[in-house]
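Have a look at my_file-v4.txt; it's compact mmCIF, C-alpha atoms:
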# COMPACT_ATOMS: atom_id res chain seq x y z
CA MET A 1 14.85 23.40 7.46
CA ILE A 2 11.60 21.46 6.88
CA SER A 3 9.73 24.48 5.49
CA ALA A 4 12.16 24.63 2.53
CA MET A 5 11.69 20.95 1.64
CA THR A 6 9.18 19.24 -0.59
CA VAL A 7 6.30 17.38 1.07
CA ASP A 8 8.07 14.04 0.60
CA GLN A 9 11.38 15.36 1.90
CA GLY A 10 9.71 16.76 5.01
CA ASN A 11 7.89 13.51 5.74
CA GLU A 12 11.00 11.43 5.15
CA THR A 13 12.92 13.62 7.62
CA CYS A 14 10.51 12.45 10.33
CA ALA A 15 10.58 8.82 9.19
CA PRO A 16 13.91 7.63 10.66
CA CYS A 17 12.52 7.98 14.20
CA HIS A 18 8.98 6.88 13.39
CA ALA A 19 9.45 3.88 11.09
CA MET A 20 10.10 0.23 11.78
CA MET A 21 13.07 -0.21 9.50
CA SER A 22 16.63 -1.42 9.07
CA PRO A 23 19.06 1.44 8.41
CA VAL A 24 21.81 1.80 5.85
CA PRO A 25 24.20 4.46 7.26
CA GLY A 26 24.62 7.87 5.76
CA TYR A 27 21.11 9.37 5.60
CA LEU A 28 20.84 13.15 5.73
CA PRO A 29 17.57 15.17 5.72
CA SER A 30 16.30 15.92 2.19
CA GLN A 31 17.82 12.70 0.79
CA ARG A 32 15.54 9.87 -0.38
CA PHE A 33 14.50 7.83 2.66
CA PHE A 34 14.38 4.54 0.76
CA ASP A 35 17.94 4.99 -0.48
CA HIS A 36 19.05 4.58 3.13
CA TYR A 37 16.38 2.49 4.88
CA ASP A 38 14.49 -0.73 4.28
CA LEU A 39 11.02 -0.47 5.74
CA VAL A 40 9.97 -3.53 7.76
CA THR A 41 6.96 -5.06 6.03
CA LEU A 42 3.55 -5.74 7.50
CA GLU A 43 4.47 -9.41 7.89
CA SER A 44 6.73 -8.55 10.84
CA GLU A 45 5.99 -10.40 14.09
CA ASP A 46 5.85 -6.97 15.75
CA ARG A 47 2.68 -6.15 13.81
CA TYR A 48 -0.85 -7.44 13.65
CA PRO A 49 -1.63 -9.05 10.26
CA ASP A 50 -3.36 -5.85 9.10
CA GLY A 51 -0.23 -3.79 9.84
CA ARG A 52 -1.15 -2.22 13.16
CA ASP A 53 1.66 -1.99 15.68
CA LEU A 54 1.92 -4.66 18.35
CA ALA A 55 4.83 -3.03 20.14
CA GLU A 56 6.60 0.29 19.74
CA ASN A 57 5.06 3.40 18.22
CA TYR A 58 6.20 3.10 14.60
CA THR A 59 3.65 5.03 12.58
CA TYR A 60 5.36 5.52 9.22
CA SER A 61 4.23 2.27 7.55
CA ARG A 62 0.58 2.89 8.38
CA TRP A 63 1.02 6.54 7.44
CA LEU A 64 2.08 5.48 3.93
CA MET A 65 -1.14 3.44 3.66
CA SER A 66 -3.32 6.48 4.32
CA PRO A 67 -5.55 7.74 1.49
CA CYS A 68 -4.82 11.26 2.80
CA VAL A 69 -1.08 10.78 2.34
CA ARG A 70 -1.18 9.12 -1.07
CA ASN A 71 -2.35 12.32 -2.77
CA GLY A 72 1.20 13.64 -2.25
CA GLN A 73 0.14 16.90 -0.57
CA PHE A 74 -0.22 15.91 3.09
CA ASP A 75 2.73 16.30 5.42
CA CYS A 76 3.57 15.64 9.06
CA ILE A 77 3.71 19.31 9.99
CA HIS A 78 0.11 19.80 8.90
CA CYS A 79 -0.85 18.23 12.23
CA HIS A 80 2.39 18.34 14.25
CA THR A 81 4.93 20.94 15.26
CA SER A 82 8.55 20.23 14.37
CA SER A 83 8.98 18.89 17.92
CA GLY A 84 6.10 16.45 17.47
CA ARG A 85 3.36 18.21 19.46
CA TYR A 86 -0.16 17.78 18.05
CA LYS A 87 -1.35 21.22 16.91
CA PHE A 88 -5.06 20.49 17.29
CA ALA A 89 -5.07 18.93 20.76
CA THR A 90 -7.23 21.56 22.45
CA GLU A 91 -8.99 24.09 20.22
CA ASN A 92 -10.86 22.90 17.13
CA PRO A 93 -9.90 19.20 17.32
CA ASN A 94 -11.22 18.56 13.80
CA GLY A 95 -9.32 21.45 12.27
CA ALA A 96 -6.68 19.17 10.80
CA CYS A 97 -9.28 17.34 8.69
CA LEU A 98 -11.44 20.33 7.79
CA PRO A 99 -9.57 21.55 4.67
CA CYS A 100 -10.21 18.30 2.76
CA HIS A 101 -13.24 16.87 4.55
CA ARG A 102 -15.47 19.89 5.09
CA GLU A 103 -18.68 17.99 4.26
CA GLN A 104 -18.07 15.32 6.90
CA VAL A 105 -16.80 17.74 9.55
CA SER A 106 -19.74 20.11 9.08
CA ASP A 107 -22.24 17.28 9.65
CA LEU A 108 -20.51 15.07 12.18
CA GLU A 109 -23.61 13.33 13.48
CA SER A 110 -24.64 12.07 10.05
CA HIS A 111 -21.11 10.93 9.30
CA SER A 112 -20.22 9.33 12.63
CA HIS A 113 -23.70 8.34 13.89
CA HIS A 114 -22.60 9.68 17.28
CA LYS A 115 -23.16 12.98 19.06
CA ALA A 116 -20.90 15.70 17.73
CA SER A 117 -20.19 16.89 21.26
CA GLY A 118 -18.91 13.48 22.39
CA GLU A 119 -15.56 11.77 21.95
CA ALA A 120 -16.72 10.19 18.67
CA GLY A 121 -17.32 13.71 17.35
CA LYS A 122 -13.54 14.00 16.96
CA CYS A 123 -12.25 12.68 13.64
CA ILE A 124 -9.14 11.17 15.23
CA THR A 125 -11.15 9.05 17.67
CA CYS A 126 -12.48 6.89 14.84
CA HIS A 127 -9.87 7.36 12.12
CA MET A 128 -6.72 7.42 14.27
CA ALA A 129 -7.63 5.01 17.04
CA LYS A 130 -5.39 5.38 20.08
CA THR A 131 -3.89 2.35 21.81
CA ARG A 132 -1.25 2.00 24.51
CA PHE A 133 2.03 0.12 24.73
CA ALA A 134 4.04 0.17 27.97
CA ASN A 135 3.68 3.80 29.12
CA MET A 136 3.18 5.25 25.67
CA ASN A 137 0.03 6.21 23.78
CA ARG A 138 0.08 5.75 20.02
CA SER A 139 -2.37 6.59 17.25
CA ASP A 140 -3.00 4.65 14.07
CA HIS A 141 -1.76 6.97 11.33
CA SER A 142 -3.43 5.15 8.42
CA MET A 143 -6.57 7.28 8.97
CA LEU A 144 -8.64 4.45 7.53
CA PRO A 145 -12.23 3.87 8.70
CA PRO A 146 -12.86 1.84 11.87
CA ALA A 147 -12.24 -1.83 11.15
CA PRO A 148 -14.10 -4.33 13.34
CA ALA A 149 -13.68 -6.86 10.51
CA ALA A 150 -9.91 -6.68 11.04
CA THR A 151 -10.42 -7.47 14.72
CA LEU A 152 -12.45 -10.54 13.80
CA LEU A 153 -9.68 -11.72 11.48
CA SER A 154 -6.46 -10.68 13.19
CA LYS A 155 -7.35 -9.60 16.72
CA SER A 156 -6.07 -6.10 15.99
CA PRO A 157 -7.77 -3.25 17.87
CA ASN A 158 -10.50 -1.17 16.27
CA ALA A 159 -11.87 2.25 17.16
CA CYS A 160 -15.42 1.06 17.85
CA ASN A 161 -14.47 -1.46 20.51
CA LEU A 162 -11.89 0.80 22.11
CA CYS A 163 -14.90 2.85 23.26
CA HIS A 164 -17.57 0.12 23.39
CA ARG A 165 -15.45 -2.27 25.44
CA ASN A 166 -18.46 -4.28 26.62
CA ARG A 167 -19.45 -5.13 23.04
CA SER A 168 -17.96 -7.59 20.54
CA ALA A 169 -16.24 -6.85 17.25
CA ALA A 170 -19.07 -8.69 15.48
CA TRP A 171 -21.56 -6.27 17.06
CA ALA A 172 -19.52 -3.28 15.88
CA ASP A 173 -19.03 -4.78 12.42
CA GLN A 174 -22.79 -4.93 11.86
CA TYR A 175 -23.18 -1.21 12.58
CA VAL A 176 -20.23 -0.12 10.47
CA ARG A 177 -21.57 -2.10 7.49
CA ARG A 178 -25.02 -0.59 7.89
CA TRP A 179 -23.74 2.98 8.11
CA HIS A 180 -20.90 3.02 5.58
CA GLU A 181 -21.33 -0.06 3.44
CA ASP A 182 -19.61 1.11 0.24
CA ASP A 183 -16.63 2.87 1.83
CA TYR A 184 -16.23 0.14 4.40
CA ARG A 185 -15.92 -2.65 1.86
CA LYS A 186 -13.58 -0.74 -0.45
CA SER A 187 -11.01 0.75 1.88
CA VAL A 188 -11.25 -0.62 5.41
CA ILE A 189 -8.30 -2.95 4.83
CA GLU A 190 -6.18 -2.80 1.73
CA ARG A 191 -5.26 -6.47 1.46
CA GLY A 192 -7.67 -8.44 -0.71
CA GLU A 193 -8.06 -11.50 1.49
CA TYR A 194 -9.41 -9.39 4.37
CA ILE A 195 -12.00 -7.73 2.17
CA GLU A 196 -13.15 -11.07 0.78
CA VAL A 197 -13.54 -12.62 4.24
CA ALA A 198 -15.40 -9.57 5.48
CA ARG A 199 -17.83 -9.82 2.57
CA GLY A 200 -18.43 -13.48 3.39
CA GLN A 201 -19.76 -12.55 6.83
CA ASP A 202 -22.98 -10.93 5.55

Full structure transcribed into C-alpha cells:
Amino acid sequence: MISAMTVDQGNETCAPCHAMMSPVPGYLPSQRFFDHYDLVTLESEDRYPDGRDLAENYTYSRWLMSPCVRNGQFDCIHCHTSSGRYKFATENPNGACLPCHREQVSDLESHSHHKASGEAGKCITCHMAKTRFANMNRSDHSMLPPAPAATLLSKSPNACNLCHRNRSAAWADQYVRRWHEDDYRKSVIERGEYIEVARGQD
C-alpha cells in the first residue's frame, strides 16, 4: 500500500510504467527501483537533446530532474490518485503548487506576466507544458521554467510557443529573459552547454 511507503518507495512504485528503462526481472513495490532497472539516459534517440520525450509518455526521467522532487518530500500521489487521475483538474488548478509556492500563486500576474484568469494563470501550463504523441497527451514533469532557449538549440517544444504558435522561439526567449533573468539562466536547462549558448545570445 503506497500510503505506508516512504516518499521514494511510493514514487518508485509508479516508475516501472512511467520510465524509459531496461528492466532486470524481479522488482517488487518498496524495493529500490535502480536495483532492478537501468534508466535510459537523455542521450536516447527517443528524446530531444534536453531530455524531453519525442515519443511515448515516459515522465520519470524528467520528474527526477525537477527541483520540486529533489527535496525528497514530493511524491506522485500529491498530484495524482493511485489510478493516475490528476487531482486538481477542475477545482483550484494551482492547488498542487500552493503549499510550496504560495508567493507565486497568490500573485499570478506578476509571476507569469499573463492574466490570472487565462490559461497561463495555471502553473502547469507553463511549468508542465503539454504536448501530444499519437492519441496521447503528455505533460513535462520536470516542472522547470519555460525554455525557448532549448527550442532554439534542440527543437524541443516550449510552453510559450505551444500557446503563441504564430511567434518564434527567439521572440519568446526575449520575453522570458526580461521577466525572469536570474532564474532563467540558472535552472532553465541543467546541462552546462545549453546555459552557455543561451547566454551567448544576448

Subject >> Contacts of segment 116-132 of chain A within 12 Å, only C-alpha atoms, excl. fewer than 5 positions in-chain, as a PyMOL selection string >> reply: chain A and resi 52-57+59+62-63+66-68+79+86+88-98+101-102+104-111+137-148+156-164+176+188

Original post:
Hey, can you check how far atom CA of His18 of chain A sits from atom CA of Tyr60 of chain A?
Top reply: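 For atom CA of His18 of chain A relative to atom CA of Tyr60 of chain A, the distance reads 5.7 Å.
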
Original post:
Do you have the atom CA of Gly26 of chain A-atom CA of Thr6 of chain A distance handy?
Top reply: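 Atom-to-atom, atom CA of Gly26 of chain A to atom CA of Thr6 of chain A, that is 20.2 Å.
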
Subject >> Test item: residues at most 10 Å from His36 of chain A, all atoms listed in the file, excluding those fewer than 5 positions along its chain, as a PyMOL selection string >> reply: chain A and resi 16+21-28+31

Output the selection as a short mmCIF file (atom, residue, chain, number, x, y, z; two decimals), in the frame of the given file - C-alpha atoms for each residue.
data_model
loop_
_atom_site.label_atom_id
_atom_site.label_comp_id
_atom_site.auth_asym_id
_atom_site.auth_seq_id
_atom_site.Cartn_x
_atom_site.Cartn_y
_atom_site.Cartn_z
CA PRO A 16 13.91 7.63 10.66
CA MET A 21 13.07 -0.21 9.50
CA SER A 22 16.63 -1.42 9.07
CA PRO A 23 19.06 1.44 8.41
CA VAL A 24 21.81 1.80 5.85
CA PRO A 25 24.20 4.46 7.26
CA GLY A 26 24.62 7.87 5.76
CA TYR A 27 21.11 9.37 5.60
CA LEU A 28 20.84 13.15 5.73
CA GLN A 31 17.82 12.70 0.79
#
